[in-house]
file input_7.txt (compact mmCIF, C-alpha atoms)
# COMPACT_ATOMS: atom_id res chain seq x y z
CA MET M 1 0.00 0.00 0.00
CA ASN M 2 3.12 2.27 -0.06
CA ASN M 3 2.56 5.36 2.07
CA SER M 4 -1.19 5.51 1.72
CA PRO M 5 -3.03 4.87 4.99
CA GLU M 6 -4.02 1.31 5.86
CA HIS M 7 -7.67 0.38 5.99
CA ALA M 8 -9.32 -1.61 8.78
CA ILE M 9 -12.70 -3.28 9.34
CA ILE M 10 -14.09 -2.74 12.83
CA LEU M 11 -16.86 -5.00 14.14
CA LEU M 12 -18.96 -2.37 15.90
CA SER M 13 -21.81 -3.66 18.03
CA GLY M 14 -22.62 -0.40 19.76
CA GLY M 15 -21.14 -1.59 23.06
CA MET M 16 -18.19 -0.26 25.05
CA ASP M 17 -15.65 -2.79 23.84
CA SER M 18 -16.14 -2.40 20.11
CA ALA M 19 -16.31 1.41 20.48
CA THR M 20 -12.94 1.27 22.23
CA CYS M 21 -11.56 -0.85 19.36
CA LEU M 22 -12.68 1.78 16.88
CA ALA M 23 -11.04 4.53 18.95
CA ILE M 24 -7.80 2.52 19.09
CA ALA M 25 -7.81 1.96 15.33
CA ARG M 26 -8.46 5.65 14.70
CA SER M 27 -5.65 6.63 17.10
CA GLU M 28 -3.32 4.54 14.94
CA GLY M 29 -4.33 6.53 11.86
CA LEU M 30 -6.23 3.67 10.21
CA VAL M 31 -9.06 4.38 7.80
CA CYS M 32 -11.92 2.61 9.57
CA HIS M 33 -14.88 0.83 7.99
CA THR M 34 -17.37 -0.20 10.67
CA LEU M 35 -19.60 -3.23 10.32
CA ALA M 36 -22.70 -4.11 12.34
CA PHE M 37 -25.01 -7.12 12.02
CA ASP M 38 -28.74 -7.18 12.17
CA TYR M 39 -29.41 -10.75 13.26
CA GLY M 40 -32.76 -10.11 14.85
CA GLN M 41 -31.18 -9.40 18.23
CA ARG M 42 -33.56 -8.39 20.99
CA HIS M 43 -31.33 -5.47 21.91
CA ARG M 44 -32.22 -3.56 18.72
CA TYR M 45 -31.09 -0.25 20.15
CA GLU M 46 -27.48 -1.36 19.73
CA LEU M 47 -27.83 -1.02 15.94
CA GLN M 48 -28.69 2.64 16.32
CA ALA M 49 -25.89 3.16 18.85
CA SER M 50 -23.46 1.47 16.48
CA ALA M 51 -24.30 3.77 13.56
CA GLU M 52 -23.98 6.86 15.77
CA LEU M 53 -20.68 5.76 17.31
CA SER M 54 -19.25 5.05 13.88
CA GLN M 55 -19.82 8.63 12.86
CA ARG M 56 -18.82 10.25 16.17
CA LEU M 57 -15.57 8.31 16.38
CA GLY M 58 -14.56 9.18 12.83
CA ALA M 59 -15.06 6.01 10.79
CA ALA M 60 -14.98 6.44 7.03
CA ASP M 61 -18.23 4.53 6.56
CA HIS M 62 -20.65 2.15 8.27
CA LYS M 63 -22.46 -0.89 6.94
CA VAL M 64 -25.17 -3.08 8.45
CA ILE M 65 -25.33 -6.63 7.15
CA HIS M 66 -28.61 -8.46 7.57
CA LEU M 67 -27.92 -11.99 8.82
CA ASP M 68 -30.49 -14.67 8.39
CA VAL M 69 -30.07 -16.76 11.54
CA SER M 70 -33.50 -18.36 11.32
CA PRO M 71 -32.02 -21.86 11.74
CA PHE M 72 -30.27 -20.79 14.95
CA ALA M 73 -33.15 -20.75 17.40
CA GLY M 74 -32.50 -21.24 21.08
CA SER M 75 -30.41 -18.28 22.19
CA ALA M 76 -31.89 -15.80 24.63
CA LEU M 77 -30.35 -13.04 22.49
CA THR M 78 -32.46 -13.84 19.44
CA ASP M 79 -35.36 -15.94 20.69
CA SER M 80 -37.86 -13.87 22.63
CA THR M 81 -39.31 -16.99 24.26
CA VAL M 82 -36.04 -17.58 26.17
CA ALA M 83 -35.65 -15.41 29.28
CA ILE M 84 -32.52 -13.27 29.72
CA PRO M 85 -30.95 -14.43 32.99
CA GLU M 86 -30.14 -11.85 35.63
CA GLN M 87 -26.90 -11.98 37.61
CA SER M 88 -25.90 -15.44 36.43
CA GLY M 89 -22.18 -15.15 37.13
CA SER M 90 -21.65 -18.91 36.79
CA ALA M 91 -18.79 -20.48 34.85
CA ALA M 92 -21.09 -22.30 32.42
CA ILE M 93 -21.81 -21.05 28.90
CA PRO M 94 -24.89 -18.87 29.32
CA VAL M 95 -28.18 -19.10 27.40
CA THR M 96 -27.35 -15.75 25.78
CA TYR M 97 -24.70 -17.56 23.71
CA VAL M 98 -25.54 -17.38 19.98
CA PRO M 99 -24.06 -20.43 18.20
CA ALA M 100 -20.98 -19.59 16.17
CA ARG M 101 -21.78 -15.88 16.21
CA ASN M 102 -18.25 -14.54 16.22
CA THR M 103 -17.23 -17.09 13.59
CA VAL M 104 -20.00 -15.83 11.30
CA PHE M 105 -19.24 -12.14 12.02
CA LEU M 106 -15.53 -12.61 11.38
CA ALA M 107 -16.15 -14.62 8.21
CA MET M 108 -18.27 -11.78 6.81
CA ALA M 109 -15.67 -9.21 7.94
CA LEU M 110 -12.99 -11.24 6.19
CA GLY M 111 -14.83 -11.15 2.89
CA TYR M 112 -15.46 -7.44 3.28
CA ALA M 113 -11.80 -6.79 4.17
CA GLU M 114 -10.67 -8.65 1.11
CA VAL M 115 -12.98 -6.69 -1.18
CA LEU M 116 -11.91 -3.34 0.32
CA GLY M 117 -8.23 -4.22 0.46
CA ALA M 118 -8.28 -3.66 4.23
CA SER M 119 -5.27 -5.09 6.04
CA GLN M 120 -6.76 -5.49 9.52
CA ILE M 121 -9.95 -6.58 11.28
CA PHE M 122 -10.68 -5.42 14.84
CA ILE M 123 -12.92 -7.36 17.20
CA GLY M 124 -13.63 -6.28 20.76
CA VAL M 125 -13.60 -9.68 22.44
CA ASN M 126 -12.38 -9.82 25.98
CA ALA M 127 -11.37 -12.86 27.97
CA VAL M 128 -11.16 -11.31 31.43
CA ASP M 129 -14.52 -9.81 32.40
CA TYR M 130 -16.63 -11.72 29.92
CA SER M 131 -19.64 -13.95 29.79
CA GLY M 132 -17.88 -17.26 29.13
CA TYR M 133 -18.66 -17.53 25.39
CA PRO M 134 -16.31 -20.03 23.70
CA ASP M 135 -15.75 -17.70 20.75
CA CYS M 136 -14.30 -14.92 22.89
CA ARG M 137 -11.27 -16.88 24.06
CA PRO M 138 -7.71 -16.16 22.88
CA ALA M 139 -7.41 -19.66 21.36
CA PHE M 140 -10.42 -18.91 19.15
CA ILE M 141 -8.92 -15.62 17.98
CA GLU M 142 -5.62 -17.34 17.18
CA ALA M 143 -7.40 -20.07 15.23
CA PHE M 144 -9.35 -17.53 13.19
CA SER M 145 -6.17 -15.57 12.42
CA HIS M 146 -4.62 -18.74 11.07
CA LEU M 147 -7.74 -19.47 9.03
CA ALA M 148 -7.83 -15.93 7.63
CA ALA M 149 -4.32 -16.30 6.25
CA LEU M 150 -5.35 -19.45 4.40
CA ALA M 151 -8.86 -18.49 3.33
CA THR M 152 -8.15 -15.47 1.23
CA ARG M 153 -6.49 -14.31 -1.92
CA SER M 154 -4.46 -11.73 0.00
CA GLY M 155 -3.20 -14.43 2.38
CA ILE M 156 -2.02 -16.55 -0.52
CA GLU M 157 -0.37 -13.54 -2.07
CA GLY M 158 1.72 -13.07 1.08
CA HIS M 159 -0.08 -10.28 2.93
CA PRO M 160 -2.67 -11.94 5.16
CA ILE M 161 -5.36 -9.86 6.79
CA ARG M 162 -4.48 -9.35 10.47
CA LEU M 163 -7.09 -10.11 13.09
CA ARG M 164 -6.69 -7.82 16.07
CA ALA M 165 -8.33 -8.20 19.47
CA PRO M 166 -6.62 -5.44 21.45
CA LEU M 167 -8.91 -5.77 24.50
CA GLN M 168 -8.40 -9.48 24.89
CA HIS M 169 -6.37 -9.36 28.07
CA LEU M 170 -7.77 -6.17 29.60
CA SER M 171 -10.24 -5.99 32.48
CA LYS M 172 -13.48 -4.07 31.98
CA ALA M 173 -12.04 -1.32 34.19
CA ASP M 174 -8.92 -1.13 31.97
CA ILE M 175 -11.12 -0.87 28.88
CA ILE M 176 -13.14 1.94 30.42
CA ARG M 177 -9.97 3.87 31.35
CA LEU M 178 -8.47 3.30 27.89
CA GLY M 179 -11.64 4.30 26.08
CA GLN M 180 -12.10 7.40 28.18
CA GLY M 181 -8.52 8.42 27.46
CA LEU M 182 -9.28 8.10 23.73
CA GLY M 183 -12.27 10.42 24.05
CA ILE M 184 -15.20 7.99 24.08
CA ASP M 185 -18.35 9.21 25.75
CA PHE M 186 -19.57 5.91 27.18
CA ARG M 187 -23.12 7.24 27.51
CA GLN M 188 -23.28 6.71 23.76
CA THR M 189 -22.56 2.99 24.09
CA VAL M 190 -25.06 0.32 25.04
CA SER M 191 -24.20 -2.98 26.72
CA CYS M 192 -27.55 -4.21 28.00
CA TYR M 193 -29.01 -7.36 26.45
CA GLN M 194 -32.50 -5.95 26.85
CA ALA M 195 -32.12 -2.18 26.50
CA ASP M 196 -35.42 -0.46 25.83
CA THR M 197 -36.21 1.52 22.69
CA LEU M 198 -34.68 4.64 24.25
CA GLY M 199 -31.42 2.78 24.87
CA ARG M 200 -31.96 2.57 28.63
CA ALA M 201 -30.26 -0.38 30.31
CA CYS M 202 -31.90 -2.87 32.67
CA GLY M 203 -29.01 -2.82 35.14
CA ARG M 204 -29.56 -6.49 35.98
CA CYS M 205 -28.44 -8.74 33.05
CA ASP M 206 -24.97 -10.20 32.76
CA ALA M 207 -23.78 -7.46 30.37
CA CYS M 208 -25.07 -4.70 32.70
CA ARG M 209 -23.48 -6.40 35.69
CA LEU M 210 -20.05 -6.52 34.03
CA ARG M 211 -20.36 -2.90 32.93
CA LEU M 212 -21.43 -1.61 36.35
CA GLN M 213 -18.58 -3.47 38.02
CA GLY M 214 -16.10 -2.10 35.46
CA PHE M 215 -16.99 1.52 36.14
CA LYS M 216 -16.82 0.87 39.87
CA GLU M 217 -13.36 -0.71 39.60
CA ALA M 218 -12.11 2.03 37.27
CA GLY M 219 -13.25 4.65 39.76
CA ILE M 220 -15.10 6.43 36.95
CA LYS M 221 -18.66 7.70 37.28
CA ASP M 222 -21.11 5.48 35.37
CA SER M 223 -23.32 7.82 33.39
CA THR M 224 -25.24 4.94 31.75
CA ASN M 225 -28.92 5.65 31.38
CA TYR M 226 -30.69 2.97 33.46
CA ILE M 227 -34.42 2.23 33.39
CA MET I 1 -26.05 -39.77 21.32
CA ASN I 2 -26.01 -43.48 22.39
CA ASN I 3 -27.36 -45.65 19.61
CA SER I 4 -29.51 -43.00 17.95
CA PRO I 5 -28.28 -42.07 14.46
CA GLU I 6 -25.84 -39.19 14.11
CA HIS I 7 -26.94 -36.03 12.36
CA ALA I 8 -24.93 -34.20 9.71
CA ILE I 9 -25.15 -30.85 7.93
CA ILE I 10 -24.44 -31.08 4.20
CA LEU I 11 -23.56 -27.95 2.26
CA LEU I 12 -25.54 -28.66 -0.91
CA SER I 13 -24.96 -26.29 -3.81
CA GLY I 14 -26.74 -28.33 -6.45
CA GLY I 15 -23.49 -29.35 -8.13
CA MET I 16 -21.94 -32.80 -8.58
CA ASP I 17 -19.54 -32.59 -5.67
CA SER I 18 -21.95 -31.63 -2.92
CA ALA I 19 -24.52 -34.13 -4.24
CA THR I 20 -21.86 -36.83 -3.92
CA CYS I 21 -21.16 -35.69 -0.35
CA LEU I 22 -24.83 -36.09 0.50
CA ALA I 23 -24.89 -39.56 -1.04
CA ILE I 24 -21.80 -40.54 1.00
CA ALA I 25 -23.33 -39.25 4.23
CA ARG I 26 -26.57 -41.12 3.51
CA SER I 27 -24.63 -44.31 2.74
CA GLU I 28 -23.13 -44.04 6.23
CA GLY I 29 -26.60 -43.91 7.76
CA LEU I 30 -26.37 -40.27 8.84
CA VAL I 31 -29.51 -38.18 9.21
CA CYS I 32 -28.79 -35.40 6.71
CA HIS I 33 -29.80 -31.75 6.94
CA THR I 34 -28.95 -29.97 3.71
CA LEU I 35 -28.10 -26.29 3.57
CA ALA I 36 -27.99 -24.00 0.52
CA PHE I 37 -27.18 -20.30 0.32
CA ASP I 38 -28.92 -17.67 -1.70
CA TYR I 39 -26.18 -15.06 -2.08
CA GLY I 40 -27.46 -13.52 -5.27
CA GLN I 41 -25.46 -15.93 -7.39
CA ARG I 42 -25.94 -15.62 -11.14
CA HIS I 43 -26.39 -19.36 -11.45
CA ARG I 44 -29.80 -19.24 -9.74
CA TYR I 45 -30.84 -22.58 -11.15
CA GLU I 46 -28.50 -24.29 -8.70
CA LEU I 47 -30.84 -23.36 -5.82
CA GLN I 48 -33.66 -25.29 -7.46
CA ALA I 49 -31.34 -28.21 -8.24
CA SER I 50 -30.16 -28.21 -4.63
CA ALA I 51 -33.69 -28.47 -3.20
CA GLU I 52 -34.56 -31.29 -5.61
CA LEU I 53 -31.36 -33.24 -4.92
CA SER I 54 -31.91 -32.94 -1.19
CA GLN I 55 -35.24 -34.70 -1.50
CA ARG I 56 -34.18 -37.26 -4.09
CA LEU I 57 -31.10 -38.30 -2.15
CA GLY I 58 -33.03 -38.74 1.08
CA ALA I 59 -32.09 -35.79 3.28
CA ALA I 60 -34.28 -35.24 6.33
CA ASP I 61 -34.78 -31.56 5.50
CA HIS I 62 -33.44 -28.67 3.43
CA LYS I 63 -32.88 -25.04 4.32
CA VAL I 64 -31.93 -22.03 2.22
CA ILE I 65 -30.17 -19.21 4.06
CA HIS I 66 -30.29 -15.80 2.46
CA LEU I 67 -26.84 -14.21 2.64
CA ASP I 68 -26.44 -10.50 2.32
CA VAL I 69 -23.18 -10.16 0.42
CA SER I 70 -23.87 -6.62 -0.76
CA PRO I 71 -20.48 -5.41 0.49
CA PHE I 72 -18.72 -8.13 -1.51
CA ALA I 73 -18.94 -6.73 -5.01
CA GLY I 74 -16.38 -7.70 -7.58
CA SER I 75 -16.83 -11.42 -8.17
CA ALA I 76 -18.06 -12.63 -11.52
CA LEU I 77 -20.33 -15.07 -9.63
CA THR I 78 -22.37 -12.31 -7.99
CA ASP I 79 -21.71 -9.18 -10.00
CA SER I 80 -23.42 -9.29 -13.36
CA THR I 81 -21.12 -6.56 -14.71
CA VAL I 82 -18.10 -8.90 -14.48
CA ALA I 83 -17.84 -11.38 -17.36
CA ILE I 84 -17.54 -15.12 -16.63
CA PRO I 85 -14.27 -16.22 -18.26
CA GLU I 86 -14.34 -19.15 -20.64
CA GLN I 87 -11.64 -21.82 -20.58
CA SER I 88 -9.28 -19.95 -18.29
CA GLY I 89 -7.32 -22.94 -17.01
CA SER I 90 -4.59 -20.71 -15.54
CA ALA I 91 -3.09 -21.21 -12.07
CA ALA I 92 -4.16 -17.77 -10.84
CA ILE I 93 -7.19 -17.23 -8.61
CA PRO I 94 -10.04 -16.63 -11.08
CA VAL I 95 -12.48 -13.70 -11.09
CA THR I 96 -15.25 -16.14 -10.15
CA TYR I 97 -13.71 -16.29 -6.64
CA VAL I 98 -16.17 -14.93 -4.04
CA PRO I 99 -14.21 -13.49 -1.09
CA ALA I 100 -14.30 -15.73 1.98
CA ARG I 101 -17.30 -17.66 0.63
CA ASN I 102 -16.49 -21.05 2.11
CA THR I 103 -15.53 -19.43 5.42
CA VAL I 104 -18.96 -17.79 5.59
CA PHE I 105 -20.80 -20.95 4.49
CA LEU I 106 -18.97 -23.09 7.04
CA ALA I 107 -19.48 -20.55 9.82
CA MET I 108 -23.24 -20.64 9.21
CA ALA I 109 -23.17 -24.44 8.98
CA LEU I 110 -21.31 -24.56 12.28
CA GLY I 111 -23.98 -22.53 14.07
CA TYR I 112 -26.70 -24.67 12.50
CA ALA I 113 -24.89 -27.90 13.49
CA GLU I 114 -24.58 -26.71 17.05
CA VAL I 115 -28.27 -25.86 17.27
CA LEU I 116 -29.33 -29.21 15.78
CA GLY I 117 -26.80 -31.22 17.76
CA ALA I 118 -25.30 -32.48 14.48
CA SER I 119 -21.88 -34.07 14.89
CA GLN I 120 -20.56 -33.59 11.36
CA ILE I 121 -20.48 -31.04 8.53
CA PHE I 122 -19.83 -32.16 4.94
CA ILE I 123 -18.37 -29.85 2.31
CA GLY I 124 -17.67 -30.91 -1.26
CA VAL I 125 -14.40 -29.09 -1.80
CA ASN I 126 -11.90 -30.69 -4.08
CA ALA I 127 -8.25 -29.84 -4.46
CA VAL I 128 -7.46 -31.84 -7.59
CA ASP I 129 -9.68 -30.72 -10.46
CA TYR I 130 -10.66 -27.38 -9.03
CA SER I 131 -10.64 -23.73 -9.93
CA GLY I 132 -7.80 -22.57 -7.68
CA TYR I 133 -9.89 -20.95 -4.93
CA PRO I 134 -7.85 -20.54 -1.72
CA ASP I 135 -10.72 -21.77 0.44
CA CYS I 136 -10.87 -25.17 -1.28
CA ARG I 137 -7.39 -26.26 -0.21
CA PRO I 138 -6.73 -28.96 2.41
CA ALA I 139 -4.90 -26.46 4.65
CA PHE I 140 -8.04 -24.32 4.76
CA ILE I 141 -10.21 -27.30 5.70
CA GLU I 142 -7.77 -28.26 8.46
CA ALA I 143 -7.73 -24.72 9.81
CA PHE I 144 -11.52 -24.57 9.88
CA SER I 145 -11.71 -27.94 11.67
CA HIS I 146 -9.40 -26.58 14.34
CA LEU I 147 -11.50 -23.41 14.62
CA ALA I 148 -14.74 -25.38 14.87
CA ALA I 149 -13.46 -27.26 17.89
CA LEU I 150 -12.69 -23.98 19.66
CA ALA I 151 -15.65 -21.91 18.51
CA THR I 152 -18.49 -23.91 19.89
CA ARG I 153 -20.09 -25.11 23.05
CA SER I 154 -19.92 -28.73 21.87
CA GLY I 155 -16.18 -28.38 21.21
CA ILE I 156 -15.58 -27.10 24.72
CA GLU I 157 -17.68 -29.91 26.10
CA GLY I 158 -15.37 -32.44 24.47
CA HIS I 159 -17.26 -33.49 21.35
CA PRO I 160 -16.24 -31.08 18.59
CA ILE I 161 -18.21 -30.98 15.36
CA ARG I 162 -16.24 -32.83 12.67
CA LEU I 163 -15.66 -31.11 9.35
CA ARG I 164 -15.54 -33.65 6.55
CA ALA I 165 -14.35 -33.04 3.00
CA PRO I 166 -14.43 -36.57 1.56
CA LEU I 167 -13.77 -35.48 -2.03
CA GLN I 168 -10.72 -33.45 -1.22
CA HIS I 169 -8.17 -35.71 -2.84
CA LEU I 170 -10.30 -37.24 -5.59
CA SER I 171 -10.18 -36.32 -9.25
CA LYS I 172 -13.37 -35.22 -10.96
CA ALA I 173 -13.47 -38.60 -12.70
CA ASP I 174 -13.20 -40.39 -9.31
CA ILE I 175 -16.05 -38.28 -7.95
CA ILE I 176 -18.24 -39.13 -10.94
CA ARG I 177 -17.55 -42.86 -10.55
CA LEU I 178 -18.16 -42.71 -6.79
CA GLY I 179 -21.37 -40.71 -7.14
CA GLN I 180 -22.69 -42.98 -9.88
CA GLY I 181 -22.01 -46.00 -7.68
CA LEU I 182 -24.07 -44.36 -4.92
CA GLY I 183 -27.01 -43.90 -7.28
CA ILE I 184 -26.74 -40.22 -8.23
CA ASP I 185 -28.30 -39.22 -11.53
CA PHE I 186 -25.85 -36.49 -12.52
CA ARG I 187 -28.38 -34.98 -14.94
CA GLN I 188 -30.00 -33.61 -11.81
CA THR I 189 -26.87 -31.70 -10.80
CA VAL I 190 -25.77 -28.39 -12.23
CA SER I 191 -22.16 -27.17 -12.36
CA CYS I 192 -22.30 -24.30 -14.84
CA TYR I 193 -21.60 -20.77 -13.57
CA GLN I 194 -24.13 -19.39 -16.03
CA ALA I 195 -26.76 -22.10 -16.43
CA ASP I 196 -29.95 -20.77 -17.98
CA THR I 197 -33.35 -20.79 -16.29
CA LEU I 198 -33.97 -24.33 -17.54
CA GLY I 199 -30.73 -25.50 -15.94
CA ARG I 200 -28.93 -25.90 -19.27
CA ALA I 201 -25.14 -25.52 -19.05
CA CYS I 202 -23.02 -23.27 -21.26
CA GLY I 203 -20.34 -25.93 -21.82
CA ARG I 204 -17.63 -23.28 -21.91
CA CYS I 205 -16.99 -21.86 -18.40
CA ASP I 206 -14.38 -23.23 -16.01
CA ALA I 207 -16.93 -25.32 -14.10
CA CYS I 208 -18.31 -26.85 -17.32
CA ARG I 209 -14.82 -27.53 -18.59
CA LEU I 210 -13.88 -29.47 -15.41
CA ARG I 211 -17.14 -31.40 -15.55
CA LEU I 212 -16.81 -32.35 -19.22
CA GLN I 213 -13.25 -33.51 -18.70
CA GLY I 214 -14.28 -35.54 -15.63
CA PHE I 215 -16.92 -37.51 -17.53
CA LYS I 216 -14.46 -38.09 -20.34
CA GLU I 217 -11.79 -39.40 -17.98
CA ALA I 218 -14.28 -41.56 -16.08
CA GLY I 219 -15.41 -43.10 -19.35
CA ILE I 220 -19.01 -42.32 -18.41
CA LYS I 221 -21.49 -40.78 -20.83
CA ASP I 222 -22.13 -37.11 -19.97
CA SER I 223 -25.87 -36.64 -20.00
CA THR I 224 -25.66 -32.97 -18.97
CA ASN I 225 -28.16 -30.77 -20.72
CA TYR I 226 -26.10 -28.24 -22.68
CA ILE I 227 -27.46 -25.12 -24.37

call {"tool": "encode", "arguments": {"input": "input_7.txt", "output": "structure tokens"}}
result
Amino acid sequence: MNNSPEHAIILLSGGMDSATCLAIARSEGLVCHTLAFDYGQRHRYELQASAELSQRLGAADHKVIHLDVSPFAGSALTDSTVAIPEQSGSAAIPVTYVPARNTVFLAMALGYAEVLGASQIFIGVNAVDYSGYPDCRPAFIEAFSHLAALATRSGIEGHPIRLRAPLQHLSKADIIRLGQGLGIDFRQTVSCYQADTLGRACGRCDACRLRLQGFKEAGIKDSTNYI
Amino acid sequence: MNNSPEHAIILLSGGMDSATCLAIARSEGLVCHTLAFDYGQRHRYELQASAELSQRLGAADHKVIHLDVSPFAGSALTDSTVAIPEQSGSAAIPVTYVPARNTVFLAMALGYAEVLGASQIFIGVNAVDYSGYPDCRPAFIEAFSHLAALATRSGIEGHPIRLRAPLQHLSKADIIRLGQGLGIDFRQTVSCYQADTLGRACGRCDACRLRLQGFKEAGIKDSTNYI
């Protein structure tokens, strides 16, 4: 690419972690293309938050891909007949797990990166204060990086697309401090699995619990809009 | 699963290779769930062929997932402004390559397998008489197998979903002989990248060229319906 700026795809859900990824990529001077997925998630407000964050944090453009996950019933995040658990905190994989979600998101991002000529993909997974999803673990990220190098034309041609997960080993409190330092207004992000149509968080689900605890540990005032 | 039959997901495009995969899986007594993708491909007839083959070859059910590949312009298979090359035969990656297609297909199949409790996924990739796509090579299949074990709940619980590519090291002629032995009527399969609405093949594109040559080498009469 000579001296022209590198391009990056940022998976942007509208939550704190992916917003922080976008801010990191921008701070490195990357031209950022944000990508969100409409997979019928119950927390629809996150799609709106994602589009707004993309613009506020200086992405070049934003795309929403509609994902048909009709065969994937059974997750509390997409199936409104399954209750969102409150304060689970157990070590088991929770019912909010959507089968193979990050694999599907990254596969789509990989195709998009290849078409755009982007050299990097950012994903905001975190393996410290997280919900125990198998596809958030470092071994998963490593395996996808390896796959990406083999799956694409650019990989074969000697310049594989890099998968970056810069928050992987940070605590939620670390992420909040980092994001704040990069100028993110966390009120604009939404974490709650069942935020209402105004973007107000329940304060009780697993995602809210991790967020609340993160602000507390970071010693930063939580300005999240709770119901 | 005790003594109950195992379930498998079969990626079924409507072509010879995936039809042969389905026939192999059925011959092993697997309960087969076929999966096709509508990604705006020019060769629309293959979707009809896929649904018919699923039923004729005894699958338990068939699903079509609509894939939004709007960001992935630039492949001759989805973009009608790019011409399908005839008799390319070069070693380079052809313009019919759809970025990350098999990665996306397998990611969706993985989620579906996890939801159904299927223990295997079949994909009809072939690395002998093939078009040079990076995501058809054995190294890609190995990398995805490794990813699948890490990406899913079942993998973590000690029974990873197996990715099977039984045609990987067979020539097109071998596949034709094998499929015929398993009772496939290859007239019902469509390979052509630009088959017409009646399913008639052009006889000139890369896919037709490989198919024609395969029948010739197998010494089996090619009953394909050509334009």

call {"tool": "interface_residues", "arguments": {"input": "input_7.txt", "of": "chain I", "to": "chain M", "cutoff": "6 Å", "atoms": "all atoms listed in the file", "output": "PyMOL selection string"}}
result
chain I and resi 72+99-100+103-104+107+111-112+115+134-135+140+143+147+150-152

call {"tool": "residues_around", "arguments": {"input": "input_7.txt", "residues": "range 186-196 of chain I", "least_positions_apart": "6", "cutoff": "10 Å", "atoms": "only C-alpha atoms", "output": "PyMOL selection string"}}
result
chain I and resi 13-20+41-50+52-53+56+76-77+84-85+96+176+179-180+202-211+222-227

call {"tool": "atom_distance", "arguments": {"input": "input_7.txt", "atom1": "CA of Ala59 in chain I", "atom2": "CA of Ser27 in chain I"}}
result
11.3 Å

call {"tool": "atom_distance", "arguments": {"input": "input_7.txt", "atom1": "CA of Lys172 in chain I", "atom2": "CA of Gln120 in chain I"}}
result
23.5 Å

call {"tool": "build_atoms", "arguments": {"input": "input_7.txt", "residues": "range 54-65 of chain I", "atoms": "N, CA and C atoms", "output": "compact mmCIF listing (two decimals), keeping the file's coordinate frame"}}
result
# COMPACT_ATOMS: atom_id res chain seq x y z
N SER I 54 -31.76 -32.66 -2.61
CA SER I 54 -31.91 -32.94 -1.19
C SER I 54 -32.99 -34.00 -0.96
N GLN I 55 -34.10 -33.79 -1.65
CA GLN I 55 -35.24 -34.70 -1.50
C GLN I 55 -34.95 -36.06 -2.15
N ARG I 56 -34.41 -36.00 -3.36
CA ARG I 56 -34.18 -37.26 -4.09
C ARG I 56 -33.15 -38.15 -3.42
N LEU I 57 -32.17 -37.51 -2.77
CA LEU I 57 -31.10 -38.30 -2.15
C LEU I 57 -31.39 -38.59 -0.68
N GLY I 58 -32.60 -38.26 -0.24
CA GLY I 58 -33.03 -38.74 1.08
C GLY I 58 -32.59 -37.93 2.29
N ALA I 59 -32.38 -36.62 2.10
CA ALA I 59 -32.09 -35.79 3.28
C ALA I 59 -33.34 -35.66 4.13
N ALA I 60 -33.15 -35.40 5.42
CA ALA I 60 -34.28 -35.24 6.33
C ALA I 60 -34.98 -33.90 6.10
N ASP I 61 -34.19 -32.87 5.81
CA ASP I 61 -34.78 -31.56 5.50
C ASP I 61 -33.76 -30.69 4.76
N HIS I 62 -34.26 -29.56 4.25
CA HIS I 62 -33.44 -28.67 3.43
C HIS I 62 -33.74 -27.23 3.82
N LYS I 63 -32.68 -26.46 4.00
CA LYS I 63 -32.88 -25.04 4.32
C LYS I 63 -32.07 -24.18 3.35
N VAL I 64 -32.65 -23.02 3.03
CA VAL I 64 -31.93 -22.03 2.22
C VAL I 64 -31.71 -20.81 3.09
N ILE I 65 -30.47 -20.41 3.27
CA ILE I 65 -30.17 -19.21 4.06
C ILE I 65 -29.87 -18.08 3.09
